[in-house]
Amino acid sequence: MAEGKRLSWLEPRPGGLYCIPGDFYVDPVRKAERAIITHGHADHARPGNNHVLATHETIAIAEARYGSNAGRSFQRVRYGEVTRIGDVSVRLVSAGHVLGSAQVVLEHGGERIVVSGDYKRSRDPTCAPFEVVTCDAFITEATFGLPVFRHPSASAEVGRLLASVAAAPERCHLVGVYALGKAQRVIALLREAGYDDTIYLHGALQKLCALYQRLGVDLGDLAPVAGLPKQALTGRIVMCPPSSLADRWSQQMPDPVTAVASGWMRIRARARQRGAELPLIISDHADWDELTATIRDVEAGEIWVTHGREDALVHYARSLGLEARALSLVGREEDGDTETEMEEAGS
Amino acid sequence: MQAFAELLDRLSTAPGRNVRLDLIAAYLKSTPDPDRGYALASLAGDLKLRAARPSMIRELVADRTDPELFRLSYDYVGDLAETVSLLWPQDRSANATPHLSEIIGTLEAAKRGQVPDLVAGWLDRLDPTGRWALLKLLTGGLRVGVSGRLARTALTRLGDADLPAIEEVWHAVEPPYTALFDWLEGRAERPSLAEAMTFRPLMLAHPLEAEEQSRLDMADFRAEWKWDGIRVQLVLRGGQGRLFSRTGDDISAAFPDLMQTLAGDAVLDGELLVMRSDGIGSFNDLQQRLNRKTVSAKQQAAHPVGIRLYDILFDADRDCRALPFIDRRQVLTDWVARHASPRLDLSPLVPAVDWEQLAKVRADPPHPAIEGVMLKRADSPYHAGRPRGLWFKWKREPHRVDCVMMYAQRGHGRRSSLYSDFTFGAWRGDELVPVGKAYFGFTDAELKELDRFVRGNIVDRYGPVRAVEQSLVLEIAFDGVNRSRRHKSGVAMRFPRIARIRWDKPAAEADHVETIERLIT
């Protein structure tokens, strides 16, 4: 496409990212007639849409969360399958974020726009890897869009957890993880590292772990915490949503080491705010190096940056000579790092 | 360095005092001299390195990173050492990490111009945690939740010495404290205090809480004025004198006018004040003399300082600290009588009959340099630290005004994701002018509400500063007002804090600058 020209058939509206020639929204923040959903996190998959197009897994996750409110009618697609909506061809390709997560590849009038949704490039045994699709305009997330965010290897971080478990057998390790994606990835990495013991789950994690297992992701032996005597958890690994670390529920744990698995743990102040004695830097979002590598890989002339720390990534893309701008999407707070946002976005 | 870095890293997220003590004690037991001594000095805040100013660190990182990305990162992280440690380009070929003692020894021997290259070389050899620890060490202020007292408490785990015994010798030993470790671990005698003109730990007071007040019998106490100067310890011996701040820093050099006039042999406790022939100066006066390494003859003449004494720890070689307060007071009175000087006087006792009468004089003290009253148990020994139930400070009620939030900025450290630093203004005509900044006074829950208010009401941005809709009234409490040329409003508050958030009050009903001006003393 010509230098300086801006693609104009996809635009941010109060209801979300709207595709004009297809008359649909991607990850709408308000109820939409027609929605394409990138993945199952609550700030992307919201209830109450009418027609929903998404991967089989994402729809299964939305149904598990919202029941009959997940949508009126569904179109379940596989990665790579092409659908036509109005004057637009639509294809979902893997984003590597959580099980079923997809980038939306839109083609119209000889132009291609890729809406990445949330994504990562690092390894995750619970979902398909990110696929690079070259395009004219690339819409990227920027949750960790600052060069201070460089995630270490997730396997090494899980190794630190296991070292702490071995060093403090008289304590219980309570790991705060987001219910969708992070919980299953950490469990799968523990299994890869040879940890075969039962892993105990807070009630809020059970449904999605069971769903992952039903969809073919092996998580080994899992059991609910509920009903167990305190002593039974000594020396064990227990997983719960981050919000449960500080509430009364956690008092039933025997002298817990509080661990939090999140990309925010890179910043000490965040780790302290979360009360993490053992911060584990494990994220399902691309870090700075992954974001910048992706911007180069997709070879797009235009980069749109959504939710997160847009400024630095826009600056970086411009320094490469690319057209770049921040998209302010309604429904996502200025910083995206408040407590609820962290819970929902699975950072 | 790696062991020290790991210690700091774990301390920075350790959940409580006991976990911190365990971590420090384990480090001290497993680390050889002299590294552990330097680490201890650093934890206790007693490691004096002249090396690295933040500006030097900024220059180093500026040579290696995009300035805009650095600015955005620093604004977000809110901590220079952490930002630089994460941004620094990793040299994956580096393997030998430097020892803590190697770093300190090299810095001491280095010429000023060599320091930046040395620091850069070490940063290249360390991992992100190591870089963070090194930068914390070099710039001072570790902020890992360890006080000097906690660090010294960890020393009690090394042998039989208790905390008071360790506190007593602490100011007579220097990093890397080999003599101290030798004593604690039973290899040598206690380090000698005899000849050293050593700072002795101070006795501190608790604020008087209202519920406590009802349980105290006034007859057990003596009252004094609480002077609005700075707390000092004066050590006189063999014709020499030293003046120490409340934290044990030797500040003698800044006060030659005072030190030249003194004679005697004693360790004295008192308040440094501007003392003129016509009376005591305000804190504003005293500030002209503070935080200076050298002082001109003109400053000495315009703002002569003296000490108002209120306690004595040693009279010559006699240790008075175990005596009851009233007996020490007698020793002090006699000492002052024997050493008459225009620069030293005795802080008078305030007659205290009952709470009602004392509350009355506290509310209306005879001098503006008085900020409240002190209550000391008549039988209290001079007990280093902040013992419960012996000394109380009962400050005057703060002034209060209603101001309007104008700007907000993210905090640092623990609060770096939250808008926690607020600039507030008062009315001048129909315009709000900034009159101060407050960072505290609110609870964690209130901070969340304030943060939410800021995020929802941003009207403009200036770098990290957010201008907000001028609608939220903050009740500001403060201890005094000075005239200021630096502020547009011409006033500067002392210790401003947010006393209440007035969600209910319209901004138009906030106070005017003139109200604040009237409080200038």
# chains A, B, ... in the order shown; residues from 1 in each chain; ligands from 1
call {"tool": "closest_atom_pairs", "arguments": {"of": "chain B", "to": "chain A", "cutoff": "10 Å", "atoms": "only C-alpha atoms", "output": "Markdown table"}}
result
| residue | atom | partner | partner_atom | distance |
| --- | --- | --- | --- | --- |
| B:Asp9 | CA | A:Arg268 | CA | 8.7 |
| B:Arg10 | CA | A:Glu277 | CA | 7.7 |
| B:Leu11 | CA | A:Glu277 | CA | 9.0 |
| B:Ser12 | CA | A:Arg268 | CA | 7.4 |
| B:Thr13 | CA | A:Glu277 | CA | 5.0 |
| B:Ala14 | CA | A:Glu277 | CA | 5.4 |
| B:Pro15 | CA | A:Glu277 | CA | 6.2 |
| B:Gly16 | CA | A:Glu277 | CA | 9.7 |
| B:Thr65 | CA | A:Pro147 | CA | 9.6 |
| B:Asp66 | CA | A:Tyr316 | CA | 9.3 |
| B:Glu68 | CA | A:Ala312 | CA | 7.6 |
| B:Leu69 | CA | A:Ala312 | CA | 5.9 |
| B:Phe70 | CA | A:Pro147 | CA | 8.2 |
| B:Arg71 | CA | A:Ala312 | CA | 9.4 |
| B:Leu72 | CA | A:Ala312 | CA | 6.7 |
| B:Ser73 | CA | A:Leu146 | CA | 6.1 |
| B:Tyr74 | CA | A:Val148 | CA | 9.0 |
| B:Tyr76 | CA | A:Leu146 | CA | 8.7 |
| B:Val77 | CA | A:Ile267 | CA | 6.9 |
| B:Gly78 | CA | A:Ala269 | CA | 8.8 |
| B:Asp79 | CA | A:Ala269 | CA | 9.0 |
| B:Glu82 | CA | A:Ile267 | CA | 7.8 |
| B:Thr83 | CA | A:Val148 | CA | 6.6 |
| B:Val84 | CA | A:Val148 | CA | 8.3 |
| B:Ser85 | CA | A:Val148 | CA | 8.5 |
| B:Leu86 | CA | A:Val148 | CA | 4.9 |
| B:Leu87 | CA | A:Val148 | CA | 5.3 |
| B:Trp88 | CA | A:Val148 | CA | 8.9 |
| B:His412 | CA | A:Ala269 | CA | 8.4 |
| B:Gly413 | CA | A:Ala269 | CA | 5.6 |
| B:Arg414 | CA | A:Ala269 | CA | 4.7 |
| B:Arg415 | CA | A:Ala269 | CA | 6.9 |
| B:Ser416 | CA | A:Ala269 | CA | 6.6 |
| B:Ser417 | CA | A:Arg270 | CA | 7.6 |
| B:Leu418 | CA | A:Thr338 | CA | 9.0 |
| B:Lys448 | CA | A:Thr338 | CA | 9.9 |
| B:Arg452 | CA | A:Thr338 | CA | 9.8 |
| B:Arg455 | CA | A:Glu334 | CA | 7.2 |
| B:Gly456 | CA | A:Glu334 | CA | 9.2 |
call {"tool": "residues_around", "arguments": {"residues": "Asp196 in chain A", "least_positions_apart": "5", "cutoff": "10 Å", "atoms": "only C-alpha atoms", "output": "list in words"}}
result
Leu190, Arg191, Leu219, Gly220 and Asp221 of chain A
call {"tool": "residues_around", "arguments": {"residues": "Leu208 in chain A", "least_positions_apart": "4", "cutoff": "12 Å", "atoms": "only C-alpha atoms", "output": "ChimeraX atom specification"}}
result
/A:40-41,57-58,60-65,98-99,178-185,201-204,212-215,217,219
call {"tool": "atom_distance", "arguments": {"atom1": "CA of Cys240 in chain A", "atom2": "CA of Val158 in chain A"}}
result
16.0 Å
call {"tool": "residues_around", "arguments": {"residues": "Gly429 in chain B", "least_positions_apart": "2", "cutoff": "12 Å", "atoms": "only C-alpha atoms", "output": "PDB file with N, CA, C and O atoms, in the first residue's frame"}}
result
ATOM      1  N   ALA B 426      -5.446  26.393  46.286  1.00  0.00           N
ATOM      2  CA  ALA B 426      -6.458  27.197  46.976  1.00  0.00           C
ATOM      3  C   ALA B 426      -6.827  28.363  46.053  1.00  0.00           C
ATOM      4  O   ALA B 426      -6.102  28.668  45.107  1.00  0.00           O
ATOM      5  N   TRP B 427      -7.915  28.992  46.350  1.00  0.00           N
ATOM      6  CA  TRP B 427      -8.428  30.046  45.469  1.00  0.00           C
ATOM      7  C   TRP B 427      -7.677  31.355  45.658  1.00  0.00           C
ATOM      8  O   TRP B 427      -7.368  31.752  46.779  1.00  0.00           O
ATOM      9  N   GLU B 431      -9.318  31.987  40.583  1.00  0.00           N
ATOM     10  CA  GLU B 431      -8.348  31.064  40.009  1.00  0.00           C
ATOM     11  C   GLU B 431      -7.760  30.200  41.122  1.00  0.00           C
ATOM     12  O   GLU B 431      -7.537  30.680  42.240  1.00  0.00           O
ATOM     13  N   LEU B 432      -7.521  28.934  40.803  1.00  0.00           N
ATOM     14  CA  LEU B 432      -6.861  28.070  41.789  1.00  0.00           C
ATOM     15  C   LEU B 432      -5.353  28.178  41.586  1.00  0.00           C
ATOM     16  O   LEU B 432      -4.871  28.057  40.466  1.00  0.00           O
ATOM     17  N   VAL B 433      -4.609  28.379  42.671  1.00  0.00           N
ATOM     18  CA  VAL B 433      -3.151  28.341  42.559  1.00  0.00           C
ATOM     19  C   VAL B 433      -2.623  27.212  43.447  1.00  0.00           C
ATOM     20  O   VAL B 433      -3.106  26.995  44.557  1.00  0.00           O
ATOM     21  N   ALA B 508     -15.878  25.154  44.778  1.00  0.00           N
ATOM     22  CA  ALA B 508     -16.003  26.603  44.968  1.00  0.00           C
ATOM     23  C   ALA B 508     -15.948  26.996  46.439  1.00  0.00           C
ATOM     24  O   ALA B 508     -15.618  28.129  46.782  1.00  0.00           O
ATOM     25  N   ALA B 510     -13.899  25.706  48.645  1.00  0.00           N
ATOM     26  CA  ALA B 510     -12.574  25.488  49.230  1.00  0.00           C
ATOM     27  C   ALA B 510     -11.995  26.821  49.705  1.00  0.00           C
ATOM     28  O   ALA B 510     -12.519  27.890  49.395  1.00  0.00           O
ATOM     29  N   ASP B 511     -10.893  26.756  50.477  1.00  0.00           N
ATOM     30  CA  ASP B 511     -10.327  27.962  51.082  1.00  0.00           C
ATOM     31  C   ASP B 511      -9.541  28.816  50.092  1.00  0.00           C
ATOM     32  O   ASP B 511      -9.179  28.361  49.011  1.00  0.00           O
ATOM     33  N   HIS B 512      -9.264  30.041  50.522  1.00  0.00           N
ATOM     34  CA  HIS B 512      -8.491  30.979  49.709  1.00  0.00           C
ATOM     35  C   HIS B 512      -7.048  31.050  50.201  1.00  0.00           C
ATOM     36  O   HIS B 512      -6.777  30.764  51.371  1.00  0.00           O
ATOM     37  N   VAL B 513      -6.142  31.446  49.329  1.00  0.00           N
ATOM     38  CA  VAL B 513      -4.727  31.534  49.685  1.00  0.00           C
ATOM     39  C   VAL B 513      -4.527  32.450  50.891  1.00  0.00           C
ATOM     40  O   VAL B 513      -3.698  32.183  51.759  1.00  0.00           O
ATOM     41  N   GLU B 514      -5.323  33.507  50.976  1.00  0.00           N
ATOM     42  CA  GLU B 514      -5.164  34.453  52.091  1.00  0.00           C
ATOM     43  C   GLU B 514      -5.338  33.769  53.445  1.00  0.00           C
ATOM     44  O   GLU B 514      -4.694  34.141  54.424  1.00  0.00           O
TER      45      GLU B 514
END
call {"tool": "select_by_dssp", "arguments": {"residues": "range 131-196 of chain B", "states": "alpha helix (DSSP H)", "output": "JSON, numbers by chain"}}
result
{"B": [131, 132, 133, 134, 135, 136, 137, 138, 139, 148, 149, 150, 151, 152, 153, 154, 155, 163, 164, 165, 166, 167, 168, 169, 170, 178, 179, 180, 181, 182, 183, 184]}
call {"tool": "select_by_dssp", "arguments": {"residues": "range 291-334 of chain A", "states": "strand (DSSP E or B)", "output": "list in words"}}
result
Glu302, Ile303, Trp304, Val305, Thr306, His307, Gly308, Glu323, Ala324, Arg325 and Ala326 of chain A
call {"tool": "residues_around", "arguments": {"residues": "Ile36 in chain A", "least_positions_apart": "5", "cutoff": "12 Å", "atoms": "only C-alpha atoms", "output": "ChimeraX atom specification"}}
result
/A:16-19,22-29,31,44-46,49-55,58-59,71,73-77,83,85,90-92,101-106,115,117
call {"tool": "atom_distance", "arguments": {"atom1": "CA of Leu309 in chain B", "atom2": "CA of Asn284 in chain B"}}
result
20.4 Å
call {"tool": "atom_distance", "arguments": {"atom1": "CA of Arg329 in chain B", "atom2": "CA of Met374 in chain B"}}
result
14.4 Å
call {"tool": "residues_around", "arguments": {"residues": "range 41-48 of chain B", "least_positions_apart": "4", "cutoff": "8 Å", "atoms": "only C-alpha atoms", "output": "number ranges by chain"}}
result
B: 37, 137, 140-142, 146-152, 175-176
call {"tool": "write_last_selection", "arguments": {"atoms": "N, CA, C and O atoms", "output": "short mmCIF file (atom, residue, chain, number, x, y, z; two decimals), in the first residue's frame"}}
result
data_model
loop_
_atom_site.label_atom_id
_atom_site.label_comp_id
_atom_site.auth_asym_id
_atom_site.auth_seq_id
_atom_site.Cartn_x
_atom_site.Cartn_y
_atom_site.Cartn_z
N GLY B 37 30.09 -7.80 56.08
CA GLY B 37 30.14 -6.53 56.80
C GLY B 37 29.64 -5.37 55.93
O GLY B 37 28.88 -4.52 56.39
N LEU B 137 22.66 -0.30 45.95
CA LEU B 137 23.82 -0.14 46.83
C LEU B 137 24.51 1.19 46.55
O LEU B 137 24.86 1.94 47.46
N GLY B 140 22.28 4.32 47.37
CA GLY B 140 21.80 4.43 48.75
C GLY B 140 20.31 4.23 48.82
O GLY B 140 19.60 4.34 47.83
N GLY B 141 19.83 3.91 50.02
CA GLY B 141 18.39 3.74 50.17
C GLY B 141 17.91 2.46 49.52
O GLY B 141 17.38 2.48 48.43
N LEU B 142 18.13 1.34 50.20
CA LEU B 142 17.77 0.05 49.59
C LEU B 142 16.27 -0.14 49.50
O LEU B 142 15.76 -0.73 48.57
N VAL B 146 14.05 -3.02 55.58
CA VAL B 146 14.97 -3.33 56.68
C VAL B 146 15.43 -2.03 57.29
O VAL B 146 15.99 -1.18 56.61
N SER B 147 15.21 -1.87 58.60
CA SER B 147 15.73 -0.72 59.31
C SER B 147 17.09 -1.08 59.88
O SER B 147 17.45 -2.25 59.96
N GLY B 148 17.84 -0.06 60.30
CA GLY B 148 19.11 -0.32 60.97
C GLY B 148 18.90 -1.22 62.17
O GLY B 148 19.69 -2.13 62.44
N ARG B 149 17.79 -0.96 62.85
CA ARG B 149 17.53 -1.75 64.06
C ARG B 149 17.28 -3.23 63.71
O ARG B 149 17.75 -4.12 64.40
N LEU B 150 16.55 -3.46 62.62
CA LEU B 150 16.28 -4.85 62.23
C LEU B 150 17.59 -5.54 61.82
O LEU B 150 17.84 -6.69 62.18
N ALA B 151 18.43 -4.82 61.09
CA ALA B 151 19.71 -5.40 60.68
C ALA B 151 20.54 -5.76 61.91
O ALA B 151 21.16 -6.82 61.96
N ARG B 152 20.52 -4.89 62.92
CA ARG B 152 21.30 -5.18 64.13
C ARG B 152 20.65 -6.31 64.94
O ARG B 152 21.35 -7.07 65.60
N PRO B 175 32.25 -0.19 58.98
CA PRO B 175 32.25 -1.25 57.98
C PRO B 175 33.68 -1.60 57.58
O PRO B 175 34.50 -0.69 57.51
N PRO B 176 34.02 -2.87 57.36
CA PRO B 176 33.13 -4.04 57.36
C PRO B 176 32.95 -4.73 58.71
O PRO B 176 32.61 -5.90 58.74
#
